[in-house]
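J.: Contents of input-v3.txt (compact mmCIF, C-alpha atoms and all ligand atoms):
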```
# COMPACT_ATOMS: atom_id res chain seq x y z
CA MET A 285 109.74 80.59 106.63
CA LYS A 286 109.38 84.19 107.59
CA GLN A 287 106.93 86.31 105.73
CA GLU A 288 104.23 88.74 106.56
CA GLU A 289 101.01 86.85 106.56
CA ARG A 290 98.78 87.53 109.49
CA GLY A 291 95.36 86.25 110.30
CA ASN A 292 92.95 85.21 112.98
CA VAL A 293 92.84 82.03 114.95
CA VAL A 294 90.29 79.59 113.63
CA PRO A 295 89.38 76.21 115.01
CA PHE A 296 90.02 73.26 112.77
CA ALA A 297 86.90 72.97 110.69
CA PRO A 298 85.04 69.67 110.91
CA LYS A 299 85.27 67.91 107.60
CA ASP A 300 81.58 68.10 106.82
CA ALA A 301 81.52 71.84 107.46
CA ARG A 302 84.02 72.63 104.71
CA GLU A 303 83.27 73.87 101.29
CA ASN A 304 84.53 72.36 98.07
CA THR A 305 85.73 69.12 99.57
CA THR A 306 84.33 65.68 99.15
CA GLU A 307 83.39 63.61 102.14
CA PRO A 308 86.40 61.55 103.20
CA ALA A 309 86.25 57.80 103.62
CA GLU A 310 88.33 58.09 106.80
CA SER A 311 87.53 59.74 110.10
CA ALA A 312 90.11 61.86 111.94
CA GLU A 313 90.54 58.98 114.40
CA ALA A 314 91.52 56.60 111.64
CA ILE A 315 94.53 58.56 110.42
CA GLU A 316 97.77 59.58 112.04
CA LEU A 317 99.73 62.50 110.60
CA VAL A 318 103.00 64.11 111.65
CA ASP A 319 103.48 67.86 111.09
CA THR A 320 107.21 67.57 110.48
CA HIS A 321 107.95 71.29 110.40
CA THR A 322 106.06 73.82 112.46
CA HIS A 323 106.63 76.67 114.90
CA LEU A 324 104.36 76.46 117.95
CA ASN A 325 107.36 78.15 119.59
CA ASP A 326 106.49 81.30 117.59
CA GLU A 327 105.04 84.23 119.53
CA LYS A 328 101.85 83.99 117.46
CA PHE A 329 101.06 80.88 119.52
CA ALA A 330 101.94 82.53 122.83
CA ASP A 331 98.36 82.33 124.10
CA ASP A 332 97.03 79.10 122.71
CA VAL A 333 99.57 76.29 122.37
CA PRO A 334 97.31 73.92 124.37
CA ASP A 335 94.36 74.66 122.09
CA ALA A 336 96.47 74.31 118.94
CA VAL A 337 97.78 70.95 120.17
CA ALA A 338 94.24 69.80 120.98
CA ARG A 339 92.96 70.84 117.54
CA ALA A 340 95.88 69.04 115.92
CA ARG A 341 95.07 65.81 117.78
CA ALA A 342 91.41 66.13 116.84
CA ALA A 343 92.51 66.34 113.20
CA GLY A 344 94.66 63.20 113.49
CA VAL A 345 97.95 65.11 113.80
CA THR A 346 99.46 63.22 116.72
CA ARG A 347 103.04 64.48 116.50
CA CYS A 348 104.65 67.81 115.56
CA ILE A 349 108.24 68.99 115.28
CA ASN A 350 108.77 72.61 116.32
CA MET A 351 111.83 74.02 114.60
CA GLY A 352 114.20 76.58 116.07
CA ASP A 353 115.22 79.79 114.28
CA THR A 354 117.53 81.15 116.95
CA LEU A 355 118.93 79.80 120.21
CA GLU A 356 115.99 81.44 122.01
CA SER A 357 113.34 79.83 119.81
CA SER A 358 115.24 76.53 119.92
CA LYS A 359 115.10 76.67 123.72
CA LYS A 360 111.36 77.30 123.54
CA ALA A 361 110.95 74.34 121.14
CA VAL A 362 112.76 72.07 123.61
CA GLU A 363 110.61 73.34 126.51
CA LEU A 364 107.41 72.68 124.55
CA ALA A 365 108.64 69.19 123.64
CA HIS A 366 108.87 68.42 127.35
CA ALA A 367 105.57 70.05 128.21
CA TYR A 368 103.42 68.18 125.67
CA GLU A 369 103.14 64.62 124.51
CA GLY A 370 103.61 64.41 120.79
CA LEU A 371 105.70 67.57 120.48
CA PHE A 372 109.34 67.33 119.42
CA ALA A 373 112.04 69.88 118.66
CA GLY A 374 114.62 70.88 116.09
CA VAL A 375 117.41 73.18 117.26
CA GLY A 376 119.47 75.50 115.09
CA ILE A 377 120.04 78.92 113.58
CA HIS A 378 117.89 79.95 110.59
CA PRO A 379 119.72 81.65 107.69
CA GLU A 380 117.79 84.90 108.22
CA GLU A 381 119.13 84.90 111.77
CA ALA A 382 122.70 84.14 110.68
CA ARG A 383 125.44 85.31 113.02
CA GLU A 384 128.84 84.01 114.01
CA LEU A 385 128.42 81.07 116.38
CA THR A 386 130.56 80.97 119.51
CA ALA A 387 131.94 77.94 121.31
CA ASP A 388 129.20 78.47 123.92
CA ASP A 389 126.54 78.35 121.20
CA ASP A 390 127.98 75.08 119.91
CA ALA A 391 128.05 73.67 123.43
CA GLN A 392 124.39 74.61 123.92
CA LEU A 393 123.36 72.94 120.66
CA ALA A 394 125.38 69.84 121.61
CA LYS A 395 123.70 69.71 125.01
CA TRP A 396 120.24 69.85 123.43
CA ALA A 397 121.28 67.14 120.97
CA GLU A 398 121.50 64.68 123.86
CA ASP A 399 117.80 65.20 124.55
CA GLU A 400 115.64 62.35 123.21
CA LYS A 401 112.92 64.83 122.19
CA VAL A 402 115.30 66.81 119.98
CA VAL A 403 115.03 65.08 116.62
CA CYS A 404 117.26 67.21 114.36
CA ILE A 405 119.39 70.27 113.78
CA GLY A 406 116.97 72.70 112.14
CA GLU A 407 116.08 74.79 110.62
CA ILE A 408 119.32 75.70 108.89
CA GLY A 409 120.19 76.58 105.30
CA LEU A 410 120.14 79.50 102.88
CA ASP A 411 117.65 82.27 102.15
CA TYR A 412 118.54 84.44 99.14
CA TYR A 413 114.97 85.71 98.79
CA TRP A 414 115.07 87.93 101.86
CA VAL A 415 118.84 88.36 102.00
CA LYS A 416 120.41 90.04 98.94
CA ASP A 417 123.57 91.30 100.58
CA GLU A 418 126.56 89.19 99.49
CA PRO A 419 128.54 89.35 102.78
CA MET A 420 125.39 88.22 104.62
CA ARG A 421 124.91 85.39 102.14
CA GLU A 422 128.52 84.39 102.75
CA LEU A 423 127.82 84.32 106.48
CA GLN A 424 124.72 82.16 105.80
CA ARG A 425 126.84 79.67 103.89
CA LYS A 426 129.44 79.63 106.65
CA ILE A 427 127.02 78.87 109.49
CA PHE A 428 125.06 76.43 107.32
CA ILE A 429 128.26 74.42 106.78
CA HIS A 430 129.16 74.80 110.43
CA GLN A 431 125.79 73.40 111.54
CA LEU A 432 126.03 70.52 109.05
CA ASP A 433 129.32 69.68 110.69
CA LEU A 434 127.71 69.84 114.13
CA ALA A 435 124.89 67.55 112.99
CA ARG A 436 127.42 65.02 111.77
CA GLN A 437 129.29 65.11 115.08
CA LEU A 438 126.03 64.90 117.06
CA HIS A 439 124.57 62.10 114.88
CA LEU A 440 121.40 64.03 114.12
CA PRO A 441 119.48 64.58 110.86
CA VAL A 442 119.15 68.13 109.49
CA CYS A 443 116.13 70.12 108.33
CA ILE A 444 117.02 72.56 105.56
CA HIS A 445 115.47 75.89 104.62
CA ASP A 446 116.26 76.76 100.99
CA ARG A 447 114.62 79.80 99.46
CA ASP A 448 115.85 81.00 96.06
CA ALA A 449 119.17 79.30 96.78
CA HIS A 450 118.67 75.85 95.26
CA ALA A 451 122.01 75.62 93.41
CA ASP A 452 124.14 76.68 96.39
CA THR A 453 122.12 74.49 98.78
CA LEU A 454 122.62 71.47 96.54
CA ALA A 455 126.34 72.18 96.10
CA ILE A 456 126.89 72.58 99.85
CA LEU A 457 124.91 69.42 100.67
CA LYS A 458 126.89 67.43 98.10
CA LYS A 459 130.21 68.61 99.50
CA GLU A 460 129.53 69.07 103.21
CA GLY A 461 126.40 67.05 103.93
CA GLN A 462 127.50 63.56 102.98
CA GLY A 463 126.16 60.90 105.30
CA ILE A 464 123.79 63.26 107.11
CA PRO A 465 120.08 62.34 106.81
CA THR A 466 118.54 65.46 105.25
CA VAL A 467 115.09 66.96 104.84
CA LEU A 468 114.56 69.81 102.43
CA HIS A 469 111.57 71.52 103.96
CA CYS A 470 108.95 73.48 101.98
CA TYR A 471 110.39 72.31 98.68
CA SER A 472 109.90 75.04 96.10
CA GLY A 473 112.18 74.18 93.16
CA SER A 474 111.67 72.53 89.80
CA VAL A 475 111.11 68.85 89.01
CA GLU A 476 114.69 68.68 87.69
CA MET A 477 116.14 70.18 90.87
CA ALA A 478 113.98 67.84 92.99
CA ARG A 479 115.56 64.90 91.16
CA GLU A 480 119.02 66.18 92.09
CA PHE A 481 118.10 66.49 95.78
CA LEU A 482 116.44 63.05 95.74
CA LYS A 483 119.55 61.59 94.12
CA ILE A 484 121.66 62.60 97.12
CA GLY A 485 119.13 61.03 99.50
CA CYS A 486 117.06 64.03 100.63
CA TYR A 487 113.49 63.82 101.83
CA LEU A 488 111.23 66.64 100.62
CA GLY A 489 108.64 68.42 102.78
CA THR A 490 105.58 69.99 101.24
CA ASP A 491 103.21 72.51 102.79
CA GLY A 492 100.66 75.27 102.15
CA PRO A 493 101.90 76.44 98.71
CA LEU A 494 100.95 73.01 97.30
CA THR A 495 97.31 74.04 97.71
CA PHE A 496 97.73 77.51 96.16
CA LYS A 497 96.39 78.31 92.68
CA ASN A 498 99.85 79.12 91.25
CA ALA A 499 101.42 75.82 92.35
CA SER A 500 101.89 74.32 88.86
CA LYS A 501 105.52 73.11 88.98
CA LEU A 502 105.18 71.99 92.59
CA LEU A 503 102.17 69.85 91.62
CA ASN A 504 104.39 67.91 89.21
CA VAL A 505 107.10 67.46 91.83
CA ILE A 506 104.62 65.99 94.31
CA ARG A 507 102.92 63.83 91.66
CA GLU A 508 106.19 62.36 90.38
CA MET A 509 108.51 62.08 93.36
CA PRO A 510 108.94 58.75 95.18
CA LEU A 511 106.32 58.45 97.89
CA ASP A 512 108.86 57.09 100.35
CA ARG A 513 110.70 60.45 100.46
CA LEU A 514 107.70 62.73 101.00
CA LEU A 515 106.83 64.56 104.22
CA VAL A 516 103.89 66.84 105.01
CA GLU A 517 104.32 69.96 107.12
CA THR A 518 102.67 73.30 107.83
CA ASP A 519 105.51 75.75 108.63
CA ALA A 520 102.87 77.36 110.86
CA PRO A 521 102.14 80.16 111.65
CA TYR A 522 102.94 81.05 108.02
CA MET A 523 101.51 79.95 104.67
CA ALA A 524 98.18 78.44 105.73
CA PRO A 525 96.88 76.03 103.09
CA VAL A 526 93.65 76.51 101.16
CA PRO A 527 90.89 76.71 102.48
CA MET A 528 92.52 78.48 105.44
CA ARG A 529 94.79 80.69 103.33
CA GLY A 530 95.32 84.16 104.80
CA ARG A 531 94.66 83.02 108.35
CA ARG A 532 97.20 81.99 110.92
CA ASN A 533 98.41 78.51 110.04
CA GLU A 534 98.56 75.72 112.66
CA PRO A 535 99.48 72.01 112.81
CA ALA A 536 95.88 70.78 112.42
CA PHE A 537 95.93 72.19 108.88
CA VAL A 538 98.56 69.68 107.76
CA ARG A 539 95.55 67.52 107.01
CA PHE A 540 94.61 69.82 104.12
CA ILE A 541 98.09 69.33 102.67
CA ALA A 542 97.85 65.55 103.02
CA GLU A 543 94.44 65.70 101.31
CA LYS A 544 95.99 67.61 98.39
CA VAL A 545 98.76 65.02 98.11
CA ALA A 546 96.11 62.27 98.10
CA GLU A 547 94.21 64.03 95.31
CA LEU A 548 97.36 64.57 93.20
CA ARG A 549 98.55 60.99 93.55
CA SER A 550 95.09 59.36 93.38
CA MET A 551 95.52 57.86 96.83
CA THR A 552 93.35 57.80 99.93
CA LEU A 553 94.10 60.21 102.76
CA ALA A 554 94.73 57.18 104.99
CA ASP A 555 97.42 55.89 102.63
CA VAL A 556 99.11 59.30 102.43
CA ALA A 557 99.02 59.57 106.22
CA ARG A 558 100.47 56.10 106.65
CA ALA A 559 103.26 56.70 104.12
CA THR A 560 104.29 60.17 105.30
CA THR A 561 104.21 59.12 108.95
CA THR A 562 106.41 56.11 108.19
CA ASN A 563 108.77 58.46 106.33
CA ALA A 564 108.88 60.91 109.24
CA GLU A 565 109.86 58.08 111.59
CA ALA A 566 112.51 56.88 109.14
CA ILE A 567 114.24 60.22 108.71
CA TYR A 568 113.76 61.35 112.34
CA PRO A 569 114.36 58.15 114.37
CA ARG A 570 113.71 59.84 117.72
CA LEU A 571 110.05 60.26 116.75
CA ARG A 572 109.76 56.47 116.93
CA ARG A 573 110.97 55.95 120.42
CA ALA A 574 108.68 58.39 122.14
CA GLU A 575 105.07 58.07 123.11
CA LYS A 576 102.61 58.74 120.33
CA ARG A 577 99.61 60.03 122.24
ZN ZN B 601 110.14 76.99 109.30
```
Kindly transcribe the structure held in the file into structure tokens.
Ligand SMILES: [Zn+2]
T.:
Amino acid sequence: MKQEERGNVVPFAPKDARENTTEPAESAEAIELVDTHTHLNDEKFADDVPDAVARARAAGVTRCINMGDTLESSKKAVELAHAYEGLFAGVGIHPEEARELTADDDAQLAKWAEDEKVVCIGEIGLDYYWVKDEPMRELQRKIFIHQLDLARQLHLPVCIHDRDAHADTLAILKKEGQGIPTVLHCYSGSVEMAREFLKIGCYLGTDGPLTFKNASKLLNVIREMPLDRLLVETDAPYMAPVPMRGRRNEPAFVRFIAEKVAELRSMTLADVARATTTNAEAIYPRLRRAEKR
């Protein structure tokens, strides 16, 4: 997600140094989380990817998927996946970056799809929040459908960005996305809409906004949805969860989101970690085959 939210780099706070949290039963070593949607390929991490990866590992976040927005950021995601254990990539064109795709672009995406560390086509989808112009929305729909088609041909799952475009996203997935394993990242719709996406087989990703004060309808979605379809993610560098809100987000903070899920569902953090990590491996099979640490 692209939005203006800037902040300073902060190390992952040790559990006992945090305010307003209860002491966990589990240590960081005992849990294993996957940040299923992040952007260490963003320029805001230009200087400290190694540190961010180290802080993630210290927090129990052993694997991360860096999503592409453009061909350039997709390339960077693939490079990072090969430079670090535990990093994986999604490749694709984000709706805010929508442009006509050429045969060369398709060939590049297809080439990356052969790479075992590329786990999906993503992030792709629709953004009607930032894009109000109807011809641009039409172009978004066109390249969204085009990339769904590519994913089907390349036998890869897709990671979907849907902001203020729930009805069109659902309609397109129903018509054009059949048979493609699908994650709806940063789910932000109603309980009713969540049911519709779950009905067609989607997994839902939740991130920072779950911890925000105004998260009322999202709380119900996360409380009520089937646990075996839930993923946790940061969408870093944006939307840092409470208590890091306002700062630059990073994969280590996915732990705060998992803690919120645990609280909402009356589960332990270890059980949330186990379930969401199993889900991540189910929807993104290439996570399974690679080394974990
Ligand atoms: Zn994103």
J.: Which protein, DNA or RNA residues have an atom at most 12 Å from (114.5, 70.1, 104.3), counting all atoms listed in the file? List them as a PDB file with C-alpha atoms, in the frame of the given file.
T.:
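File selection_21.pdb, as written:
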```
ATOM      1  CA  MET A 285     109.740  80.590 106.630  1.00  0.00           C
ATOM      2  CA  THR A 320     107.210  67.570 110.480  1.00  0.00           C
ATOM      3  CA  HIS A 321     107.950  71.290 110.400  1.00  0.00           C
ATOM      4  CA  MET A 351     111.830  74.020 114.600  1.00  0.00           C
ATOM      5  CA  GLY A 374     114.620  70.880 116.090  1.00  0.00           C
ATOM      6  CA  CYS A 404     117.260  67.210 114.360  1.00  0.00           C
ATOM      7  CA  ILE A 405     119.390  70.270 113.780  1.00  0.00           C
ATOM      8  CA  GLY A 406     116.970  72.700 112.140  1.00  0.00           C
ATOM      9  CA  GLU A 407     116.080  74.790 110.620  1.00  0.00           C
ATOM     10  CA  ILE A 408     119.320  75.700 108.890  1.00  0.00           C
ATOM     11  CA  GLY A 409     120.190  76.580 105.300  1.00  0.00           C
ATOM     12  CA  LEU A 410     120.140  79.500 102.880  1.00  0.00           C
ATOM     13  CA  PRO A 441     119.480  64.580 110.860  1.00  0.00           C
ATOM     14  CA  VAL A 442     119.150  68.130 109.490  1.00  0.00           C
ATOM     15  CA  CYS A 443     116.130  70.120 108.330  1.00  0.00           C
ATOM     16  CA  ILE A 444     117.020  72.560 105.560  1.00  0.00           C
ATOM     17  CA  HIS A 445     115.470  75.890 104.620  1.00  0.00           C
ATOM     18  CA  ASP A 446     116.260  76.760 100.990  1.00  0.00           C
ATOM     19  CA  ARG A 447     114.620  79.800  99.460  1.00  0.00           C
ATOM     20  CA  HIS A 450     118.670  75.850  95.260  1.00  0.00           C
ATOM     21  CA  THR A 453     122.120  74.490  98.780  1.00  0.00           C
ATOM     22  CA  LEU A 454     122.620  71.470  96.540  1.00  0.00           C
ATOM     23  CA  LEU A 457     124.910  69.420 100.670  1.00  0.00           C
ATOM     24  CA  ILE A 464     123.790  63.260 107.110  1.00  0.00           C
ATOM     25  CA  PRO A 465     120.080  62.340 106.810  1.00  0.00           C
ATOM     26  CA  THR A 466     118.540  65.460 105.250  1.00  0.00           C
ATOM     27  CA  VAL A 467     115.090  66.960 104.840  1.00  0.00           C
ATOM     28  CA  LEU A 468     114.560  69.810 102.430  1.00  0.00           C
ATOM     29  CA  HIS A 469     111.570  71.520 103.960  1.00  0.00           C
ATOM     30  CA  CYS A 470     108.950  73.480 101.980  1.00  0.00           C
ATOM     31  CA  TYR A 471     110.390  72.310  98.680  1.00  0.00           C
ATOM     32  CA  SER A 472     109.900  75.040  96.100  1.00  0.00           C
ATOM     33  CA  ALA A 478     113.980  67.840  92.990  1.00  0.00           C
ATOM     34  CA  PHE A 481     118.100  66.490  95.780  1.00  0.00           C
ATOM     35  CA  LEU A 482     116.440  63.050  95.740  1.00  0.00           C
ATOM     36  CA  GLY A 485     119.130  61.030  99.500  1.00  0.00           C
ATOM     37  CA  CYS A 486     117.060  64.030 100.630  1.00  0.00           C
ATOM     38  CA  TYR A 487     113.490  63.820 101.830  1.00  0.00           C
ATOM     39  CA  LEU A 488     111.230  66.640 100.620  1.00  0.00           C
ATOM     40  CA  GLY A 489     108.640  68.420 102.780  1.00  0.00           C
ATOM     41  CA  THR A 490     105.580  69.990 101.240  1.00  0.00           C
ATOM     42  CA  ASP A 491     103.210  72.510 102.790  1.00  0.00           C
ATOM     43  CA  ARG A 513     110.700  60.450 100.460  1.00  0.00           C
ATOM     44  CA  LEU A 514     107.700  62.730 101.000  1.00  0.00           C
ATOM     45  CA  LEU A 515     106.830  64.560 104.220  1.00  0.00           C
ATOM     46  CA  VAL A 516     103.890  66.840 105.010  1.00  0.00           C
ATOM     47  CA  GLU A 517     104.320  69.960 107.120  1.00  0.00           C
ATOM     48  CA  ASP A 519     105.510  75.750 108.630  1.00  0.00           C
ATOM     49  CA  ALA A 564     108.880  60.910 109.240  1.00  0.00           C
ATOM     50  CA  ILE A 567     114.240  60.220 108.710  1.00  0.00           C
ATOM     51  CA  TYR A 568     113.760  61.350 112.340  1.00  0.00           C
TER      52      TYR A 568
END
```
J.: With distances taken over all atoms listed in the file, which residue among A:Thr354, A:Gln437, A:Thr560, A:Gln462 lies nearest ligand ZN 601 (chain B)?
T.: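 The shortest atom-to-atom distance to ligand ZN 601 (chain B) comes from A:Thr354.
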J.: Hey, which of A:Pro521, A:Gly344, A:Gly530, A:Pro493 ends up closest to Leu317 in chain A? Count all atoms listed in the file.
T.: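 When distances to Leu317 in chain A are compared using all atoms listed in the file, the smallest one comes from A:Gly344.
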J.: Just want the 12 Å neighbourhood of Leu385 in chain A, counted on only C-alpha atoms, with same-chain residues fewer than 2 positions away dropped. Output as a list in words.
T.: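 With the cut-off at 12 Å, the set is Thr354, Leu355, Gly376, Ile377, Glu381, Ala382, Arg383, Ala387, Asp388, Asp389, Asp390, Ala391, Gln392, Leu393, Leu423, Gln424, Lys426, Ile427, Phe428, Ile429, His430, Gln431 and Leu434 of chain A.
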J.: Quick one, how far is CA of Val402 in chain A from CA of Lys459 in chain A?
T.: 25.4 Å
J.: Taking 2 positions as the minimum chain separation for residues in the same chain, which residues sit within 12 Å of Ala546 in chain A when counting all atoms listed in the file? Answer as a PyMOL selection string.
T.: chain A and resi 308+494-495+503+506-507+511+514+516+539-544+548-560
J.: CA of Ala373 in chain A and CA of Ser358 in chain A, how far apart in Å?
T.: 7.5 Å
J.: Hey, can you check how far CA of Ala314 in chain A sits from CA of Arg339 in chain A?
T.: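 Interatomic distance, CA of Ala314 in chain A to CA of Arg339 in chain A: 15.5 Å.
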J.: Counting all atoms listed in the file, what is within 7 Å of Leu324 in chain A, bar same-chain residues fewer than 3 positions away, as a PDB file with C-alpha atoms, in the coordinates of the input?
T.:
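That gives us out.pdb:
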```
ATOM      1  CA  PHE A 329     101.060  80.880 119.520  1.00  0.00           C
ATOM      2  CA  VAL A 333      99.570  76.290 122.370  1.00  0.00           C
ATOM      3  CA  ASN A 350     108.770  72.610 116.320  1.00  0.00           C
TER       4      ASN A 350
END
```
J.: Between A:Ile349, A:Ala397, A:Leu502, A:Val475, which residue has the minimum interatomic distance to ligand ZN 601 (chain B), considering only C-alpha atoms and all ligand atoms?
T.: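 Between A:Ile349, A:Ala397, A:Leu502, A:Val475, the residue approaching ligand ZN 601 (chain B) most closely is A:Ile349.
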J.: Step by step: start from the point (105.3, 71.5, 117.3) in the file's coordinates, keep every protein, DNA or RNA residue that has an atom no farther than 12 Å from it, count all atoms listed in the file, and write the set as a PyMOL selection string.
T.: chain A and resi 318-326+329+333-334+336-338+340-341+345-352+357-358+360-374+401-403+517-521+534-536+538
J.: Would you compute, for all listed atoms of range 493-499 of chain A, the axis-aligned bounding box grown by 4 Å on each side, and then report its centre and edge lengths in Å rounded to one decimal, as JSON?
T.:
```
{"center_x": 99.1, "center_y": 76.1, "center_z": 95.0, "size_x": 13.5, "size_y": 14.1, "size_z": 15.5}
```
J.: Between A:Asp411, A:Glu422, A:Asp452, A:Glu398, which has the minimum distance to Leu438 in chain A (counting all atoms listed in the file)?
T.: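 Nearest candidate to Leu438 in chain A out of A:Asp411, A:Glu422, A:Asp452, A:Glu398: A:Glu398.
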